[in-house]
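Asks: Here it is, the structure, as structure tokens.
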Amino acid sequence: MLAALRGRIAAAPWIWSFLGTAATWLVTVSISGGRGGEEIISAALTFSAFTVLVSLGQMMVITTGPGNVDLSIPSVIALSSAVAMLVMDERAGMIVPGLAAAVAAGLAVGGANYGLIRLLRIPPIIATLSSSLVVMSVAIVLGRGLKIKPPQVFADAVTTKVAGVPLLAIVALAAAVAIAFVLERTLYGRTVSAIGQSRRIARLAGLDVERASLLTYMLSGGLAGLTGALIAGFSGGNSLDQGAEYLLLTIAVVVIGGTSVSGGRASVPGIWGAALFMFLIVTMLNASGVSPGLRMLITGLIIIGVIAVGGSERAPR
Amino acid sequence: MTAAGGGAAPAAPPAGAAAEVFVDLRGIAKSFGAIRALRPVDVVVRRGECLGLVGHNGAGKSTLMNILSGALSASAGTLAIAGEDLTGRYDVRGAHRAGVRCVFQELSLCPNLSIAENARIAHPALHGFGWRRRAAALMQAALDGIFPGHGLGMGDVVGSLSIGRRQMVEIARAFTETEERARLVILDEPTSSLDATAADQLVAAARRFAAAGGSTVVISHKINEILAVADRIVVMKDGAVVDDRPRAAFTREGIVDAMGHAVERARSVRASTATAETMVEVPASRRDGLTFRAARGEIIGLAGLAGHGQTDLLLAVQARRRGTRVAGDVALVPGDRSTDGVFPLWSIERNMSARWLPHLRRGGLIDLGRERAEAGAWRERLALKTPDLRNPILSLSGGNQQKALFARALGAPARIILMDDPMRGVDIGTKQDVYAMIATEAAAGRTFLWYTTEMDELFHCDRTYVFHDGSIVAELAAAELSETAVVQASFKDHSVTDHAVKDPA
């Protein structure tokens, strides 16, 4: 009975993130004397939507195997929010071109990341970190320190709710479902999982390893690009530090969500569970009046604890 | 082991039953969930005895040896070593203390370490100042003793060695002694990637070890090898011991019969199905080498000593490297399952379909129903032993994993099939089925490039290219093929090194 339960949890490592989320929410609501439970959920869904969108890309990158990680996400967000606001220029008619330009900027950075990794044989951690410096300086030049406001329609859209659920959360849910579908049903998705287990074996099995790696870095860049535009719309304009928190957050979310750090196994539901969990932890600590320094310390300890308990790798052969 | 060293029966062990029992396994059983891998079996190994263990894939040989090595614990039964009952408190460390060593099919060396450094992993006694030098000396002596003329440097990183050489290192390490003595060495398919010379050297070494009072257990699908090395032979079938008699009481046919399979068909030259259409052409890598050519419907053997460029040629064709001409889709059957073949996180089904995916798509999406149906069809065709194709690939025995890899390649519409010594750890019955399948597929127009370390398999080929030192030194038509011809070509004029033909007998 217990063994059967353990088997189920091993097959669905993302369960931990949802259990953590539920527990954290209960503690938060009890701290605040039972009030504000609903508001907390609504805010969690909205803010987690951003986290989910970028983390899906990070998850795909990490799933392509050991060493693969996208550290350029924060600067892509900074760049794409500036690009989106510049193109939209407060005109409602330019919303779609603005979003397209933001995504295109992200795709381009992703492609360049892959180029550095593949053509110059630079390890991904160095390649994406150094490209992020270049991207950030482009963002600085483009933005010139000015904060451009989003068109009112766009700002309204990203904060609106459909049947009580934030529109952003619906978009992020749709993206998660789409990624899960891609992983299971497309040649690209299967290739990502295959190369995460062994690039050599994937190549010998006749899979197009290089194409899948390129697409994965572009996907991560593209999702970060979209997220940058949405954040700018949500927070009243572009700014350079909008993406800063997403560097470690995306990696933590991917790992807590049950995706294998050594590659080959992605966990899409876990992205949602872990994103909500991370948001609620901060909310809980804020509600209990902890100082910012202590808050970071506790957040760090909780991440380590969760990984130690639930995120441990299945023992290799 | 080839017929060369295999003829003579070894000297009888000191008075059979009188020799002291070293390992005593009584009523050992093992279940994995609902699967009964091992019915209660009784097996003893005496001092100075070499025990041969044969049986089909999934007969329970590896499970039994995993119990003896402490890697698995038995579900029932008692285990005694040197007269001491160790039931219930026996594990890998206990096995090591008792002097039980193992060489497994899946090699256990650390690829990022040197040969000498790998010795230290097995021998904690190699510590303190100068351990590296002592480890190197230990390994050098062991390798020189078993595989004279091996040509390995003790500082060589294991990952850079060919699989055959890694296996030599692994074997040599099992025989090394520091404070930890080697009393019983288990060799599980030890020669699966060794060439004939090294395999003969190993048989000789195992006999010397036995003469000095050590015990060995040899598991092999190569019947000749078992006949050459064993004092006593245990035959297993479906998790039980079905025969256990001295070597002298067995013939080749007797063993195969006891295993429960038809005797191998008489050797005959295959009726070639080759056509005039060239499918693969690889120019000679050196001026004095031969050009490689394969026609549609042809089965080409790649022979020679292990690690002399056969796999490199296959990989060059697979990658369509510059200079090679490849007229059609290519699929590879790897032989080194853990580094070249199996996706460890995936189910059996997904492991099979990895190569078919482009053809399983409808409207850009993988048709899961078709994937399942085709995998199911291959399970029937290859008699793959599993209750459910959604089980993890690692739940299968090595031979059954290999079947899944055959399904991966043959299930794709590729016209050229590359085989990289793919019969490692596959039982005789399955081999016969696969040989027949290869002949059928060749008749249907597929081309096979078949690297093998087993002489017998070359007789299933239309032509054989013999490799030496990275280039092709001879081409043998089926009618010209003989073991002597291959061995002569492997050594002919090419700066014969000192590891050349040293008869172990």
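Residues in the structure tokens are named by chain (A, B, ... in the order shown) and by number from 1 within that chain; ligands are numbered from 1 in the order shown.
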Can you write out as CSV which residues of chain B fall within 10 Å of chain A, alongside each residue's closest atom pair and its distance in Å to one decimal, counting only C-alpha atoms and ordering rows by chain and ascending residue number?
Replies:
residue,atom,partner,partner_atom,distance
B:Leu315,CA,A:Leu204,CA,8.3
B:Gln318,CA,A:Leu204,CA,7.6
B:Ala319,CA,A:Leu204,CA,8.6
B:Asp329,CA,A:Gly206,CA,9.6
B:Val330,CA,A:Gly206,CA,8.1
B:Ala331,CA,A:Gly206,CA,7.0
B:Leu332,CA,A:Leu204,CA,6.7
B:Val333,CA,A:Ala205,CA,8.6
B:Pro334,CA,A:Leu204,CA,8.1
B:Arg337,CA,A:Ile201,CA,9.3
B:Ser338,CA,A:Ile201,CA,8.9
B:Thr339,CA,A:Ile201,CA,6.9
B:Asp340,CA,A:Ile201,CA,4.9
B:Gly341,CA,A:Ile201,CA,5.7
B:Val342,CA,A:Ile201,CA,7.2
B:Phe343,CA,A:Gln197,CA,6.1
B:Pro344,CA,A:Gln197,CA,7.1
B:Leu345,CA,A:Gln197,CA,7.2
B:Trp346,CA,A:Ala194,CA,8.7
B:Arg350,CA,A:Arg190,CA,9.1
B:Asn351,CA,A:Ala194,CA,9.4
B:Met352,CA,A:Ala205,CA,9.8
B:Ser353,CA,A:Ala205,CA,9.7
B:Ala354,CA,A:Ala205,CA,6.6
B:Arg355,CA,A:Ala205,CA,5.5
B:Trp356,CA,A:Gly206,CA,9.2
B:Leu357,CA,A:Leu187,CA,6.3
B:Pro358,CA,A:Leu187,CA,6.7
B:His359,CA,A:Leu187,CA,9.9
B:Leu360,CA,A:Leu187,CA,9.3
B:Arg361,CA,A:Thr186,CA,8.0
B:Gly364,CA,A:Thr186,CA,6.9
B:Leu365,CA,A:Thr186,CA,5.2
B:Ile366,CA,A:Arg185,CA,4.9
B:Asp367,CA,A:Arg185,CA,7.6
B:Leu368,CA,A:Arg185,CA,7.7
B:Leu394,CA,A:Arg317,CA,8.5
B:Leu405,CA,A:Ala205,CA,9.4
B:Arg408,CA,A:Ala205,CA,8.1
B:Ala409,CA,A:Ala205,CA,8.1
Asks: Just the alpha helix (DSSP H) stuff from segment 66-197 of chain A, please, per backbone DSSP, written as a PyMOL selection string.
Replies: chain A and resi 73-88+95-119+124-143+152-159+167-185+187-197
Asks: Residues within 6 Å of segment 97-113 of chain B, please, as a count of residues only. Count only C-alpha atoms; anything in the same chain fewer than 6 positions from it doesn't count.
Replies: 13
Asks: Per DSSP on the backbone, what are the strand (DSSP E) residues of segment 202-298 of chain B, as a list of chain:residue names?
Replies: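 Written out, the strand (DSSP E) residues of segment 202-298 of chain B are B:Ser215, B:Thr216, B:Val217, B:Val218, B:Ile219, B:Arg232, B:Ile233, B:Val234, B:Val235, B:Met236, B:Lys237, B:Ala240, B:Val241, B:Val242, B:Asp243, B:Asp244, B:Arg245, B:Pro246, B:Thr278, B:Met279, B:Val280, B:Glu281, B:Val282, B:Phe292, B:Arg293, B:Ala294, B:Ala295.
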Asks: Please identify all polymer residues within 8 Å of segment 268-285 of chain B, counting only C-alpha atoms, omitting same-chain residues fewer than 4 positions from it, and present them as a compact mmCIF listing (two decimals) with C-alpha atoms, in the first residue's frame.
Replies:
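Output (out-v6.txt):
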# COMPACT_ATOMS: atom_id res chain seq x y z
CA GLY B 289 44.09 -0.37 -48.17
CA LEU B 290 41.07 -1.60 -50.08
CA THR B 291 37.96 0.34 -51.03
CA PHE B 292 34.82 -0.73 -49.21
CA ARG B 293 31.81 -1.51 -51.37
CA ALA B 294 28.39 -2.93 -50.57
CA ALA B 295 25.62 -3.67 -53.04
CA ARG B 296 21.87 -3.73 -52.64
CA GLY B 297 20.74 -6.98 -51.01
CA GLU B 298 24.26 -7.85 -49.90
CA ILE B 299 25.41 -8.91 -46.44
CA VAL B 317 28.70 5.64 -43.02
CA GLY B 323 34.22 10.77 -49.09
CA THR B 324 31.69 8.07 -48.27
CA ARG B 325 28.92 7.43 -50.77
CA VAL B 326 25.73 6.25 -49.17
CA ALA B 327 22.71 5.71 -51.43
CA GLY B 328 19.84 5.43 -49.00
CA ILE B 416 21.11 0.06 -45.21
CA ALA B 442 18.62 -8.94 -47.53
CA ALA B 443 16.57 -10.89 -50.05
CA GLY B 445 16.74 -5.62 -50.95
CA THR B 447 22.04 -4.08 -47.38
CA PHE B 459 29.50 -17.44 -42.60
CA HIS B 460 26.18 -15.65 -42.86
CA CYS B 461 27.81 -12.98 -45.04
CA ASP B 462 28.26 -12.75 -48.80
CA GLY B 470 42.21 1.23 -39.36
CA SER B 471 42.22 0.02 -42.93
CA ILE B 472 40.93 -2.89 -44.97
CA ALA B 478 32.00 -16.49 -48.91
CA ALA B 479 33.67 -19.48 -50.61
Asks: Can you tell me, as JSON, numbers by chain, what residues are no more than 7 Å from Ala274 of chain A when counting only C-alpha atoms, ignoring any on the same chain fewer than 3 positions away?
Replies: {"A": [17, 253, 256, 257, 270, 271, 277, 278]}
Asks: Can I get the selection written as a short mmCIF file (atom, residue, chain, number, x, y, z; two decimals), in the first residue's frame, with N, CA, C and O atoms?
Replies:
data_model
loop_
_atom_site.label_atom_id
_atom_site.label_comp_id
_atom_site.auth_asym_id
_atom_site.auth_seq_id
_atom_site.Cartn_x
_atom_site.Cartn_y
_atom_site.Cartn_z
N SER A 17 5.47 19.54 -5.46
CA SER A 17 5.34 20.99 -5.58
C SER A 17 3.91 21.43 -5.26
O SER A 17 3.70 22.48 -4.65
N VAL A 253 12.42 26.59 -10.10
CA VAL A 253 11.09 26.09 -10.46
C VAL A 253 11.21 24.79 -11.25
O VAL A 253 10.48 23.82 -11.01
N ILE A 256 12.46 22.05 -8.66
CA ILE A 256 11.45 21.69 -7.67
C ILE A 256 10.29 20.97 -8.35
O ILE A 256 9.68 20.06 -7.79
N GLY A 257 10.01 21.34 -9.57
CA GLY A 257 8.89 20.74 -10.29
C GLY A 257 9.11 19.30 -10.70
O GLY A 257 8.21 18.67 -11.24
N GLY A 270 4.76 20.12 -12.95
CA GLY A 270 5.61 20.60 -11.86
C GLY A 270 5.99 22.06 -12.02
O GLY A 270 6.25 22.75 -11.04
N ILE A 271 6.04 22.55 -13.26
CA ILE A 271 6.36 23.96 -13.48
C ILE A 271 5.30 24.83 -12.83
O ILE A 271 5.62 25.79 -12.11
N PHE A 277 4.24 27.62 -5.72
CA PHE A 277 4.90 27.39 -4.44
C PHE A 277 5.88 28.51 -4.12
O PHE A 277 5.87 29.08 -3.03
N MET A 278 6.71 28.86 -5.11
CA MET A 278 7.71 29.90 -4.88
C MET A 278 7.05 31.24 -4.56
O MET A 278 7.50 32.00 -3.71
#
Asks: Which of these residues is nearest to Pro123 of chain A, using only C-alpha atoms: A:Ala23, A:Val87, A:Val69, A:Ala176?
Replies: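 For Pro123 of chain A, the nearest of the candidates is A:Val69.
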Asks: Name the closest residue to Ala169 of chain A among the candidates A:Phe154, A:Tyr246, A:Phe279, A:Phe50; distances are taken between atoms, counting only C-alpha atoms.
Replies: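 For Ala169 of chain A, the nearest of the candidates is A:Phe50.
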Asks: Which of these, A:Ala244, A:Ile62, A:Leu168, A:Leu215, has the shortest distance to Met136 of chain A once you count only C-alpha atoms?
Replies: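 The answer is A:Ala244, which sits nearest to Met136 of chain A.
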